[in-house]
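Undergrad: Here's a structure for you.
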Amino acid sequence: MNNSLSELVKSKNQIHQLANDFGLDYYEMIYEIVPSDIMYALSSYGMPYRFSHWSFGKKFDRQQKMRKLGLMKIYELVFNTNPCYAYLLEDNSLLENKLIIAHVLAHSDFFKNNFTFQSTDKHMIHIMKRHAEIIQEYEKEYGEEIVEKTLDAALSIEEHIPILETLIKDSPHMDDWQRNIFKIVKLEIQYFFPQIRTKIINEGWATYWHTRIMRELNIDAKEILDYTKMHAGVVKANPTSLNPYLLGYKMFQRIEELYGIEKLFEVRSECHDVSFIRQYFDEAVAERCNMYLYDSDYHDGTITTMDAEKIKNQLLKDLVNGGFPYIEASFEEDGFHLYHAYEGRPLDVSQCEKVLHLLEPFIQQPVFLHTKNAIFQDIVYTLEKESFEFSFNQKFTASITDDNQFNHTFFN
């Protein structure tokens with residue numbers, strides 16, 4: 001073991017002891033040090049093993065370009081597994097890795113104790129590896145093109161589990177292997193969905209604890225200055241978008257002020273982002289995060305309000321169902337019906353059309369999309385196949401109703 005790795009392991013042991021002293025309850029940790037191309041591949045695929053799809057490659061290419069332009073850097077990744085795997089970038093400094101280990105320990109504690117993760121399979125790495133093998137077998141048996149088209153269709157609605165479930169259960173136009181691909185996509189998004197629902201509270205929890213732990217570490221004056229700069233970068237406010245690290249961190253600080261540190265562990269276990277914001281976002285948090293609403297129609301980003309209650313309501317609208325529209329689906333006598341639970345935000349109809357084009361081979365019936373417009377009038381969009389061309393007709397109702405191989409180092 002070289003000196004730098006020996007020093008990292010020593011620091012890791014100190015950080016683990018501090019985390020234990022603070023009461024963090026995390027899974028067994030396995031750390032791997034990997035080069036940047038592996039780190040960005042892990043980020044793009046979401047797991048060490050996963051089936052191949054062009055969308056993951058597209059994400060990888062975009063992230064690599066942004067990295068080369070200096071627009072992003074991924075320092076670490078941590079997965080909701082038992083044991084918990086955390087990946088550290090080989091270019092990280094020792095100080096960066098100290099902060100990262102403290103950060104990912106809190107993530108592991110969150111995965112182990114938050115209620116939304118209790119039903120997730122902690123051996124998902126192995127399950128996803130088997131999924132990848134199954135899809136490779138389908139590609140050999142049925143051809144890469146038809147398998148890719150099936151994946152395109154399933155992934156286009158992966159955030160809409162009710163639609164996936166309806167097609168899996170009731171579609172008369174799926175072969176068994178295609179139905180199994182839809183089941184694979186559904187199982188994997190169900191594993192990822194708790195992370196979507198807890199982005200703010202999870203990152204806030206990890207940021208709060210890396211701050212507490214780093215304060216207790218015996219680091220010299222230069223490291224203190226460097227750490228301060230690093231932490232400031234993590235919680236830096238963005239003028240046009242939400243920084244979940246900042247918001248979650250400030251909210252946990254506020255909860256500690258009001259209720260004490262024991263309350264933090266209760267909140268960590270019992271909340272997702274929506275309940276976290278609904279119960280604990282207040283005027284003090286809004287002020288400390290310098291939050292406001294602005295009019296995106298104006299190029300100068302005119303601020304429309306700094307009222308905490310209005311900001312809170314907007315956050316809740318953005319976070320319900322992970323930020324995705326909630327749509328139920330059913331096969332009925334006259335066709336395939338989609339029912340959108342309208343909550344004040346209209347659907348992107350052009351995007352719906354593209355998605356339904358991908359799903360058409362598994363529906364092969366007229367489609368009726370039920371939603372509302374901005375003034376809550378009922379609308380039904382109809383889609384029928386005409387020479388493989390698709391068009392929407394808008395109808396208003398009269399009533400208004402309310403396996404990469406790579407060299408790496410790991411330690412535990």
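Residue numbering restarts at 1 for every chain of the structure tokens, chains are lettered A, B, ... in their displayed order, and ligands are numbered from 1 as they appear.
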When DSSP is applied to the backbone of this structure, which of region 29-158 of chain A are assigned alpha helix (DSSP H)? Write them out as a PDB file with N, CA and C atoms, in the first residue's frame.
TA:
ATOM      1  N   SER A  36     -11.306   8.857 -14.325  1.00  0.00           N
ATOM      2  CA  SER A  36     -12.452   9.694 -14.681  1.00  0.00           C
ATOM      3  C   SER A  36     -13.379   9.035 -15.686  1.00  0.00           C
ATOM      4  N   ASP A  37     -12.849   8.287 -16.669  1.00  0.00           N
ATOM      5  CA  ASP A  37     -13.749   7.690 -17.659  1.00  0.00           C
ATOM      6  C   ASP A  37     -14.665   6.657 -17.025  1.00  0.00           C
ATOM      7  N   ILE A  38     -14.163   5.922 -16.028  1.00  0.00           N
ATOM      8  CA  ILE A  38     -15.012   4.966 -15.320  1.00  0.00           C
ATOM      9  C   ILE A  38     -16.030   5.701 -14.454  1.00  0.00           C
ATOM     10  N   MET A  39     -15.602   6.766 -13.807  1.00  0.00           N
ATOM     11  CA  MET A  39     -16.520   7.537 -12.970  1.00  0.00           C
ATOM     12  C   MET A  39     -17.693   8.070 -13.785  1.00  0.00           C
ATOM     13  N   TYR A  40     -17.400   8.604 -14.962  1.00  0.00           N
ATOM     14  CA  TYR A  40     -18.469   9.180 -15.779  1.00  0.00           C
ATOM     15  C   TYR A  40     -19.328   8.102 -16.427  1.00  0.00           C
ATOM     16  N   ALA A  41     -18.756   6.933 -16.691  1.00  0.00           N
ATOM     17  CA  ALA A  41     -19.558   5.812 -17.177  1.00  0.00           C
ATOM     18  C   ALA A  41     -20.516   5.337 -16.093  1.00  0.00           C
ATOM     19  N   LEU A  42     -20.027   5.256 -14.851  1.00  0.00           N
ATOM     20  CA  LEU A  42     -20.893   4.876 -13.730  1.00  0.00           C
ATOM     21  C   LEU A  42     -22.035   5.866 -13.565  1.00  0.00           C
ATOM     22  N   SER A  43     -21.723   7.140 -13.675  1.00  0.00           N
ATOM     23  CA  SER A  43     -22.749   8.167 -13.549  1.00  0.00           C
ATOM     24  C   SER A  43     -23.779   8.062 -14.661  1.00  0.00           C
ATOM     25  N   SER A  44     -23.334   7.788 -15.876  1.00  0.00           N
ATOM     26  CA  SER A  44     -24.233   7.733 -17.026  1.00  0.00           C
ATOM     27  C   SER A  44     -25.157   6.527 -16.976  1.00  0.00           C
ATOM     28  N   TYR A  45     -24.625   5.388 -16.548  1.00  0.00           N
ATOM     29  CA  TYR A  45     -25.425   4.171 -16.498  1.00  0.00           C
ATOM     30  C   TYR A  45     -26.202   4.036 -15.192  1.00  0.00           C
ATOM     31  N   TRP A  54     -28.399   3.500 -26.123  1.00  0.00           N
ATOM     32  CA  TRP A  54     -27.779   4.718 -26.659  1.00  0.00           C
ATOM     33  C   TRP A  54     -27.974   5.926 -25.754  1.00  0.00           C
ATOM     34  N   SER A  55     -29.065   5.972 -24.993  1.00  0.00           N
ATOM     35  CA  SER A  55     -29.312   7.131 -24.130  1.00  0.00           C
ATOM     36  C   SER A  55     -28.250   7.254 -23.049  1.00  0.00           C
ATOM     37  N   PHE A  56     -27.728   6.120 -22.560  1.00  0.00           N
ATOM     38  CA  PHE A  56     -26.652   6.166 -21.571  1.00  0.00           C
ATOM     39  C   PHE A  56     -25.363   6.684 -22.211  1.00  0.00           C
ATOM     40  N   GLY A  57     -25.105   6.254 -23.439  1.00  0.00           N
ATOM     41  CA  GLY A  57     -23.936   6.746 -24.157  1.00  0.00           C
ATOM     42  C   GLY A  57     -24.027   8.230 -24.447  1.00  0.00           C
ATOM     43  N   LYS A  58     -25.225   8.686 -24.756  1.00  0.00           N
ATOM     44  CA  LYS A  58     -25.441  10.120 -25.000  1.00  0.00           C
ATOM     45  C   LYS A  58     -25.140  10.931 -23.751  1.00  0.00           C
ATOM     46  N   LYS A  59     -25.601  10.436 -22.605  1.00  0.00           N
ATOM     47  CA  LYS A  59     -25.340  11.118 -21.344  1.00  0.00           C
ATOM     48  C   LYS A  59     -23.849  11.117 -21.029  1.00  0.00           C
ATOM     49  N   PHE A  60     -23.183   9.986 -21.271  1.00  0.00           N
ATOM     50  CA  PHE A  60     -21.740   9.883 -21.030  1.00  0.00           C
ATOM     51  C   PHE A  60     -20.976  10.886 -21.893  1.00  0.00           C
ATOM     52  N   ASP A  61     -21.334  10.977 -23.163  1.00  0.00           N
ATOM     53  CA  ASP A  61     -20.651  11.891 -24.075  1.00  0.00           C
ATOM     54  C   ASP A  61     -20.834  13.339 -23.637  1.00  0.00           C
ATOM     55  N   ARG A  62     -22.041  13.676 -23.237  1.00  0.00           N
ATOM     56  CA  ARG A  62     -22.320  15.044 -22.783  1.00  0.00           C
ATOM     57  C   ARG A  62     -21.510  15.387 -21.541  1.00  0.00           C
ATOM     58  N   GLN A  63     -21.472  14.460 -20.572  1.00  0.00           N
ATOM     59  CA  GLN A  63     -20.729  14.709 -19.341  1.00  0.00           C
ATOM     60  C   GLN A  63     -19.229  14.821 -19.609  1.00  0.00           C
ATOM     61  N   GLN A  64     -18.705  14.002 -20.511  1.00  0.00           N
ATOM     62  CA  GLN A  64     -17.280  14.069 -20.845  1.00  0.00           C
ATOM     63  C   GLN A  64     -16.930  15.408 -21.486  1.00  0.00           C
ATOM     64  N   LYS A  65     -17.790  15.886 -22.364  1.00  0.00           N
ATOM     65  CA  LYS A  65     -17.542  17.185 -22.994  1.00  0.00           C
ATOM     66  C   LYS A  65     -17.566  18.302 -21.962  1.00  0.00           C
ATOM     67  N   MET A  66     -18.543  18.249 -21.045  1.00  0.00           N
ATOM     68  CA  MET A  66     -18.629  19.264 -20.002  1.00  0.00           C
ATOM     69  C   MET A  66     -17.418  19.206 -19.082  1.00  0.00           C
ATOM     70  N   ARG A  67     -16.936  17.990 -18.797  1.00  0.00           N
ATOM     71  CA  ARG A  67     -15.740  17.838 -17.949  1.00  0.00           C
ATOM     72  C   ARG A  67     -14.524  18.467 -18.620  1.00  0.00           C
ATOM     73  N   LYS A  68     -14.351  18.203 -19.914  1.00  0.00           N
ATOM     74  CA  LYS A  68     -13.198  18.734 -20.643  1.00  0.00           C
ATOM     75  C   LYS A  68     -13.247  20.255 -20.760  1.00  0.00           C
ATOM     76  N   LEU A  94      -6.169  14.355  -1.170  1.00  0.00           N
ATOM     77  CA  LEU A  94      -6.487  13.696   0.093  1.00  0.00           C
ATOM     78  C   LEU A  94      -7.588  14.448   0.820  1.00  0.00           C
ATOM     79  N   LEU A  95      -7.514  15.767   0.828  1.00  0.00           N
ATOM     80  CA  LEU A  95      -8.539  16.560   1.505  1.00  0.00           C
ATOM     81  C   LEU A  95      -9.898  16.378   0.852  1.00  0.00           C
ATOM     82  N   GLU A  96      -9.939  16.373  -0.466  1.00  0.00           N
ATOM     83  CA  GLU A  96     -11.212  16.146  -1.158  1.00  0.00           C
ATOM     84  C   GLU A  96     -11.795  14.795  -0.776  1.00  0.00           C
ATOM     85  N   ASN A  97     -10.950  13.784  -0.684  1.00  0.00           N
ATOM     86  CA  ASN A  97     -11.453  12.462  -0.327  1.00  0.00           C
ATOM     87  C   ASN A  97     -11.923  12.390   1.117  1.00  0.00           C
ATOM     88  N   LYS A  98     -11.308  13.170   2.002  1.00  0.00           N
ATOM     89  CA  LYS A  98     -11.798  13.228   3.382  1.00  0.00           C
ATOM     90  C   LYS A  98     -13.233  13.752   3.406  1.00  0.00           C
ATOM     91  N   LEU A  99     -13.457  14.859   2.715  1.00  0.00           N
ATOM     92  CA  LEU A  99     -14.809  15.419   2.655  1.00  0.00           C
ATOM     93  C   LEU A  99     -15.773  14.418   2.024  1.00  0.00           C
ATOM     94  N   ILE A 100     -15.344  13.787   0.944  1.00  0.00           N
ATOM     95  CA  ILE A 100     -16.217  12.861   0.219  1.00  0.00           C
ATOM     96  C   ILE A 100     -16.586  11.661   1.076  1.00  0.00           C
ATOM     97  N   ILE A 101     -15.620  11.100   1.816  1.00  0.00           N
ATOM     98  CA  ILE A 101     -15.931   9.955   2.676  1.00  0.00           C
ATOM     99  C   ILE A 101     -16.947  10.351   3.738  1.00  0.00           C
ATOM    100  N   ALA A 102     -16.765  11.518   4.332  1.00  0.00           N
ATOM    101  CA  ALA A 102     -17.749  11.996   5.309  1.00  0.00           C
ATOM    102  C   ALA A 102     -19.115  12.166   4.659  1.00  0.00           C
ATOM    103  N   HIS A 103     -19.137  12.660   3.433  1.00  0.00           N
ATOM    104  CA  HIS A 103     -20.383  12.896   2.702  1.00  0.00           C
ATOM    105  C   HIS A 103     -21.094  11.578   2.377  1.00  0.00           C
ATOM    106  N   VAL A 104     -20.350  10.598   1.827  1.00  0.00           N
ATOM    107  CA  VAL A 104     -21.002   9.357   1.400  1.00  0.00           C
ATOM    108  C   VAL A 104     -21.414   8.494   2.586  1.00  0.00           C
ATOM    109  N   LEU A 105     -20.732   8.625   3.730  1.00  0.00           N
ATOM    110  CA  LEU A 105     -21.186   7.904   4.924  1.00  0.00           C
ATOM    111  C   LEU A 105     -22.591   8.328   5.304  1.00  0.00           C
ATOM    112  N   ALA A 106     -22.857   9.624   5.204  1.00  0.00           N
ATOM    113  CA  ALA A 106     -24.197  10.118   5.523  1.00  0.00           C
ATOM    114  C   ALA A 106     -25.211   9.640   4.497  1.00  0.00           C
ATOM    115  N   HIS A 107     -24.819   9.564   3.229  1.00  0.00           N
ATOM    116  CA  HIS A 107     -25.720   8.988   2.223  1.00  0.00           C
ATOM    117  C   HIS A 107     -26.056   7.543   2.575  1.00  0.00           C
ATOM    118  N   SER A 108     -25.050   6.772   2.973  1.00  0.00           N
ATOM    119  CA  SER A 108     -25.276   5.376   3.337  1.00  0.00           C
ATOM    120  C   SER A 108     -26.216   5.266   4.533  1.00  0.00           C
ATOM    121  N   ASP A 109     -26.029   6.139   5.514  1.00  0.00           N
ATOM    122  CA  ASP A 109     -26.947   6.209   6.649  1.00  0.00           C
ATOM    123  C   ASP A 109     -28.361   6.506   6.171  1.00  0.00           C
ATOM    124  N   PHE A 110     -28.488   7.421   5.236  1.00  0.00           N
ATOM    125  CA  PHE A 110     -29.806   7.787   4.707  1.00  0.00           C
ATOM    126  C   PHE A 110     -30.440   6.605   3.978  1.00  0.00           C
ATOM    127  N   PHE A 111     -29.668   5.924   3.119  1.00  0.00           N
ATOM    128  CA  PHE A 111     -30.199   4.759   2.414  1.00  0.00           C
ATOM    129  C   PHE A 111     -30.700   3.698   3.393  1.00  0.00           C
ATOM    130  N   LYS A 112     -29.979   3.523   4.489  1.00  0.00           N
ATOM    131  CA  LYS A 112     -30.314   2.465   5.448  1.00  0.00           C
ATOM    132  C   LYS A 112     -31.526   2.809   6.295  1.00  0.00           C
ATOM    133  N   ASN A 113     -31.767   4.087   6.537  1.00  0.00           N
ATOM    134  CA  ASN A 113     -32.771   4.468   7.528  1.00  0.00           C
ATOM    135  C   ASN A 113     -33.987   5.210   6.995  1.00  0.00           C
ATOM    136  N   MET A 124     -29.128  -4.902  -5.769  1.00  0.00           N
ATOM    137  CA  MET A 124     -29.557  -4.521  -7.116  1.00  0.00           C
ATOM    138  C   MET A 124     -28.414  -4.560  -8.125  1.00  0.00           C
ATOM    139  N   ILE A 125     -27.185  -4.394  -7.686  1.00  0.00           N
ATOM    140  CA  ILE A 125     -26.050  -4.494  -8.610  1.00  0.00           C
ATOM    141  C   ILE A 125     -26.076  -5.837  -9.337  1.00  0.00           C
ATOM    142  N   HIS A 126     -26.319  -6.917  -8.599  1.00  0.00           N
ATOM    143  CA  HIS A 126     -26.326  -8.256  -9.192  1.00  0.00           C
ATOM    144  C   HIS A 126     -27.566  -8.463 -10.059  1.00  0.00           C
ATOM    145  N   ILE A 127     -28.688  -7.896  -9.635  1.00  0.00           N
ATOM    146  CA  ILE A 127     -29.919  -8.013 -10.424  1.00  0.00           C
ATOM    147  C   ILE A 127     -29.764  -7.290 -11.759  1.00  0.00           C
ATOM    148  N   MET A 128     -29.195  -6.091 -11.717  1.00  0.00           N
ATOM    149  CA  MET A 128     -29.015  -5.340 -12.963  1.00  0.00           C
ATOM    150  C   MET A 128     -27.999  -6.015 -13.888  1.00  0.00           C
ATOM    151  N   LYS A 129     -27.012  -6.658 -13.312  1.00  0.00           N
ATOM    152  CA  LYS A 129     -26.064  -7.414 -14.140  1.00  0.00           C
ATOM    153  C   LYS A 129     -26.794  -8.532 -14.876  1.00  0.00           C
ATOM    154  N   ARG A 130     -27.707  -9.209 -14.189  1.00  0.00           N
ATOM    155  CA  ARG A 130     -28.492 -10.272 -14.830  1.00  0.00           C
ATOM    156  C   ARG A 130     -29.424  -9.687 -15.884  1.00  0.00           C
ATOM    157  N   HIS A 131     -30.013  -8.527 -15.604  1.00  0.00           N
ATOM    158  CA  HIS A 131     -30.853  -7.862 -16.606  1.00  0.00           C
ATOM    159  C   HIS A 131     -30.064  -7.601 -17.883  1.00  0.00           C
ATOM    160  N   ALA A 132     -28.840  -7.112 -17.733  1.00  0.00           N
ATOM    161  CA  ALA A 132     -27.994  -6.831 -18.902  1.00  0.00           C
ATOM    162  C   ALA A 132     -27.725  -8.104 -19.695  1.00  0.00           C
ATOM    163  N   GLU A 133     -27.497  -9.208 -18.992  1.00  0.00           N
ATOM    164  CA  GLU A 133     -27.250 -10.487 -19.669  1.00  0.00           C
ATOM    165  C   GLU A 133     -28.487 -10.954 -20.425  1.00  0.00           C
ATOM    166  N   ILE A 134     -29.661 -10.780 -19.815  1.00  0.00           N
ATOM    167  CA  ILE A 134     -30.918 -11.175 -20.470  1.00  0.00           C
ATOM    168  C   ILE A 134     -31.124 -10.390 -21.758  1.00  0.00           C
ATOM    169  N   ILE A 135     -30.906  -9.095 -21.704  1.00  0.00           N
ATOM    170  CA  ILE A 135     -31.125  -8.264 -22.891  1.00  0.00           C
ATOM    171  C   ILE A 135     -30.094  -8.578 -23.969  1.00  0.00           C
ATOM    172  N   GLN A 136     -28.874  -8.900 -23.586  1.00  0.00           N
ATOM    173  CA  GLN A 136     -27.880  -9.345 -24.571  1.00  0.00           C
ATOM    174  C   GLN A 136     -28.337 -10.637 -25.254  1.00  0.00           C
ATOM    175  N   GLU A 137     -28.953 -11.537 -24.487  1.00  0.00           N
ATOM    176  CA  GLU A 137     -29.478 -12.782 -25.059  1.00  0.00           C
ATOM    177  C   GLU A 137     -30.600 -12.485 -26.051  1.00  0.00           C
ATOM    178  N   TYR A 138     -31.468 -11.520 -25.706  1.00  0.00           N
ATOM    179  CA  TYR A 138     -32.545 -11.137 -26.622  1.00  0.00           C
ATOM    180  C   TYR A 138     -31.985 -10.545 -27.911  1.00  0.00           C
ATOM    181  N   GLU A 139     -30.931  -9.748 -27.803  1.00  0.00           N
ATOM    182  CA  GLU A 139     -30.319  -9.146 -28.998  1.00  0.00           C
ATOM    183  C   GLU A 139     -29.784 -10.225 -29.943  1.00  0.00           C
ATOM    184  N   LYS A 140     -29.201 -11.271 -29.380  1.00  0.00           N
ATOM    185  CA  LYS A 140     -28.684 -12.363 -30.210  1.00  0.00           C
ATOM    186  C   LYS A 140     -29.822 -13.153 -30.854  1.00  0.00           C
ATOM    187  N   GLU A 141     -30.925 -13.337 -30.113  1.00  0.00           N
ATOM    188  CA  GLU A 141     -32.022 -14.171 -30.605  1.00  0.00           C
ATOM    189  C   GLU A 141     -32.962 -13.430 -31.555  1.00  0.00           C
ATOM    190  N   TYR A 142     -33.275 -12.158 -31.235  1.00  0.00           N
ATOM    191  CA  TYR A 142     -34.287 -11.432 -32.005  1.00  0.00           C
ATOM    192  C   TYR A 142     -33.716 -10.291 -32.844  1.00  0.00           C
ATOM    193  N   GLU A 144     -30.657  -6.847 -32.734  1.00  0.00           N
ATOM    194  CA  GLU A 144     -30.415  -5.634 -31.949  1.00  0.00           C
ATOM    195  C   GLU A 144     -31.446  -4.548 -32.226  1.00  0.00           C
ATOM    196  N   GLU A 145     -31.904  -4.436 -33.479  1.00  0.00           N
ATOM    197  CA  GLU A 145     -32.805  -3.335 -33.840  1.00  0.00           C
ATOM    198  C   GLU A 145     -34.132  -3.415 -33.100  1.00  0.00           C
ATOM    199  N   ILE A 146     -34.781  -4.571 -33.099  1.00  0.00           N
ATOM    200  CA  ILE A 146     -36.089  -4.691 -32.443  1.00  0.00           C
ATOM    201  C   ILE A 146     -35.947  -4.582 -30.928  1.00  0.00           C
ATOM    202  N   VAL A 147     -34.835  -5.073 -30.384  1.00  0.00           N
ATOM    203  CA  VAL A 147     -34.607  -4.944 -28.938  1.00  0.00           C
ATOM    204  C   VAL A 147     -34.417  -3.478 -28.573  1.00  0.00           C
ATOM    205  N   GLU A 148     -33.658  -2.745 -29.394  1.00  0.00           N
ATOM    206  CA  GLU A 148     -33.459  -1.321 -29.125  1.00  0.00           C
ATOM    207  C   GLU A 148     -34.774  -0.557 -29.192  1.00  0.00           C
ATOM    208  N   LYS A 149     -35.619  -0.865 -30.183  1.00  0.00           N
ATOM    209  CA  LYS A 149     -36.914  -0.186 -30.293  1.00  0.00           C
ATOM    210  C   LYS A 149     -37.794  -0.480 -29.080  1.00  0.00           C
ATOM    211  N   THR A 150     -37.729  -1.704 -28.578  1.00  0.00           N
ATOM    212  CA  THR A 150     -38.505  -2.050 -27.381  1.00  0.00           C
ATOM    213  C   THR A 150     -37.990  -1.289 -26.169  1.00  0.00           C
ATOM    214  N   LEU A 151     -36.675  -1.197 -26.044  1.00  0.00           N
ATOM    215  CA  LEU A 151     -36.095  -0.411 -24.953  1.00  0.00           C
ATOM    216  C   LEU A 151     -36.436   1.064 -25.101  1.00  0.00           C
ATOM    217  N   ASP A 152     -36.389   1.584 -26.331  1.00  0.00           N
ATOM    218  CA  ASP A 152     -36.766   2.984 -26.565  1.00  0.00           C
ATOM    219  C   ASP A 152     -38.164   3.248 -26.026  1.00  0.00           C
ATOM    220  N   ALA A 153     -39.087   2.350 -26.337  1.00  0.00           N
ATOM    221  CA  ALA A 153     -40.474   2.531 -25.906  1.00  0.00           C
ATOM    222  C   ALA A 153     -40.593   2.477 -24.392  1.00  0.00           C
ATOM    223  N   ALA A 154     -40.007   1.466 -23.787  1.00  0.00           N
ATOM    224  CA  ALA A 154     -40.122   1.305 -22.334  1.00  0.00           C
ATOM    225  C   ALA A 154     -39.450   2.449 -21.591  1.00  0.00           C
ATOM    226  N   LEU A 155     -38.267   2.860 -22.038  1.00  0.00           N
ATOM    227  CA  LEU A 155     -37.547   3.941 -21.358  1.00  0.00           C
ATOM    228  C   LEU A 155     -38.226   5.288 -21.547  1.00  0.00           C
ATOM    229  N   SER A 156     -38.991   5.453 -22.610  1.00  0.00           N
ATOM    230  CA  SER A 156     -39.679   6.729 -22.832  1.00  0.00           C
ATOM    231  C   SER A 156     -40.743   6.995 -21.784  1.00  0.00           C
TER     232      SER A 156
END
Undergrad: If you measure from CA of Tyr227 (chain A) to CA of Ile15 (chain A), what distance in Å do you get, rounded to one decimal?
TA: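 One can read the CA of Tyr227 (chain A) to CA of Ile15 (chain A) distance as 15.0 Å.
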Undergrad: So that I can check the secondary structure, give me every residue of region 147-355 of chain A assigned strand (DSSP E) by backbone DSSP, as a list in words.
TA: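 Everything in region 147-355 of chain A that counts as strand (DSSP E) is Leu293, Tyr294, Ile303, Thr304, Thr305, Ile327, Glu328, Ala329, Ser330, Phe331, Glu332, Gly335, Phe336, His337, Leu338, Tyr339 and His340 of chain A.
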Undergrad: Would you write out those residues with N, CA and C atoms, as a PDB file, in the first residue's frame?
TA:
ATOM      1  N   LEU A 293     -38.851  33.737  -6.620  1.00  0.00           N
ATOM      2  CA  LEU A 293     -39.432  33.275  -7.876  1.00  0.00           C
ATOM      3  C   LEU A 293     -39.174  34.335  -8.928  1.00  0.00           C
ATOM      4  N   TYR A 294     -38.872  33.904 -10.136  1.00  0.00           N
ATOM      5  CA  TYR A 294     -38.633  34.878 -11.207  1.00  0.00           C
ATOM      6  C   TYR A 294     -39.430  34.485 -12.445  1.00  0.00           C
ATOM      7  N   ILE A 303     -37.588  39.270 -10.920  1.00  0.00           N
ATOM      8  CA  ILE A 303     -38.076  38.630  -9.700  1.00  0.00           C
ATOM      9  C   ILE A 303     -39.539  38.999  -9.494  1.00  0.00           C
ATOM     10  N   THR A 304     -40.376  37.988  -9.334  1.00  0.00           N
ATOM     11  CA  THR A 304     -41.804  38.235  -9.140  1.00  0.00           C
ATOM     12  C   THR A 304     -42.204  38.224  -7.673  1.00  0.00           C
ATOM     13  N   THR A 305     -41.520  37.446  -6.852  1.00  0.00           N
ATOM     14  CA  THR A 305     -41.838  37.440  -5.423  1.00  0.00           C
ATOM     15  C   THR A 305     -40.709  36.799  -4.625  1.00  0.00           C
ATOM     16  N   ILE A 327     -49.944  10.122 -14.591  1.00  0.00           N
ATOM     17  CA  ILE A 327     -50.848   9.700 -15.659  1.00  0.00           C
ATOM     18  C   ILE A 327     -51.213   8.231 -15.464  1.00  0.00           C
ATOM     19  N   GLU A 328     -52.514   7.955 -15.379  1.00  0.00           N
ATOM     20  CA  GLU A 328     -53.026   6.586 -15.341  1.00  0.00           C
ATOM     21  C   GLU A 328     -53.349   6.141 -16.763  1.00  0.00           C
ATOM     22  N   ALA A 329     -53.414   4.829 -16.990  1.00  0.00           N
ATOM     23  CA  ALA A 329     -53.693   4.314 -18.329  1.00  0.00           C
ATOM     24  C   ALA A 329     -54.595   3.094 -18.258  1.00  0.00           C
ATOM     25  N   SER A 330     -55.399   2.897 -19.310  1.00  0.00           N
ATOM     26  CA  SER A 330     -56.244   1.706 -19.385  1.00  0.00           C
ATOM     27  C   SER A 330     -56.632   1.422 -20.836  1.00  0.00           C
ATOM     28  N   PHE A 331     -56.720   0.135 -21.158  1.00  0.00           N
ATOM     29  CA  PHE A 331     -57.283  -0.286 -22.439  1.00  0.00           C
ATOM     30  C   PHE A 331     -58.797  -0.375 -22.273  1.00  0.00           C
ATOM     31  N   GLU A 332     -59.537   0.332 -23.118  1.00  0.00           N
ATOM     32  CA  GLU A 332     -60.995   0.324 -23.062  1.00  0.00           C
ATOM     33  C   GLU A 332     -61.560  -0.065 -24.425  1.00  0.00           C
ATOM     34  N   GLY A 335     -60.475   2.211 -27.304  1.00  0.00           N
ATOM     35  CA  GLY A 335     -59.066   2.521 -27.492  1.00  0.00           C
ATOM     36  C   GLY A 335     -58.285   2.559 -26.192  1.00  0.00           C
ATOM     37  N   PHE A 336     -57.119   3.154 -26.270  1.00  0.00           N
ATOM     38  CA  PHE A 336     -56.199   3.257 -25.135  1.00  0.00           C
ATOM     39  C   PHE A 336     -56.344   4.643 -24.528  1.00  0.00           C
ATOM     40  N   HIS A 337     -56.708   4.699 -23.257  1.00  0.00           N
ATOM     41  CA  HIS A 337     -56.984   5.973 -22.598  1.00  0.00           C
ATOM     42  C   HIS A 337     -55.898   6.300 -21.579  1.00  0.00           C
ATOM     43  N   LEU A 338     -55.476   7.559 -21.606  1.00  0.00           N
ATOM     44  CA  LEU A 338     -54.509   8.090 -20.651  1.00  0.00           C
ATOM     45  C   LEU A 338     -55.175   9.208 -19.878  1.00  0.00           C
ATOM     46  N   TYR A 339     -55.111   9.155 -18.555  1.00  0.00           N
ATOM     47  CA  TYR A 339     -55.786  10.139 -17.708  1.00  0.00           C
ATOM     48  C   TYR A 339     -54.740  10.904 -16.898  1.00  0.00           C
ATOM     49  N   HIS A 340     -54.586  12.170 -17.229  1.00  0.00           N
ATOM     50  CA  HIS A 340     -53.598  13.028 -16.580  1.00  0.00           C
ATOM     51  C   HIS A 340     -54.219  13.711 -15.370  1.00  0.00           C
TER      52      HIS A 340
END
Undergrad: From the set A:Leu8, A:Ala237, A:Ile201, A:Val367, which residue has the shortest atom-to-atom contact distance to Glu270 (chain A), counting only C-alpha atoms?
TA: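 Ranking A:Leu8, A:Ala237, A:Ile201, A:Val367 by distance to Glu270 (chain A), first place goes to A:Ile201.
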Undergrad: Given the choices A:Leu24, A:Val267, A:Leu217, A:Leu246, which gets closest to Phe115 (chain A) if the distance is worked out from only C-alpha atoms?
TA: A:Val267
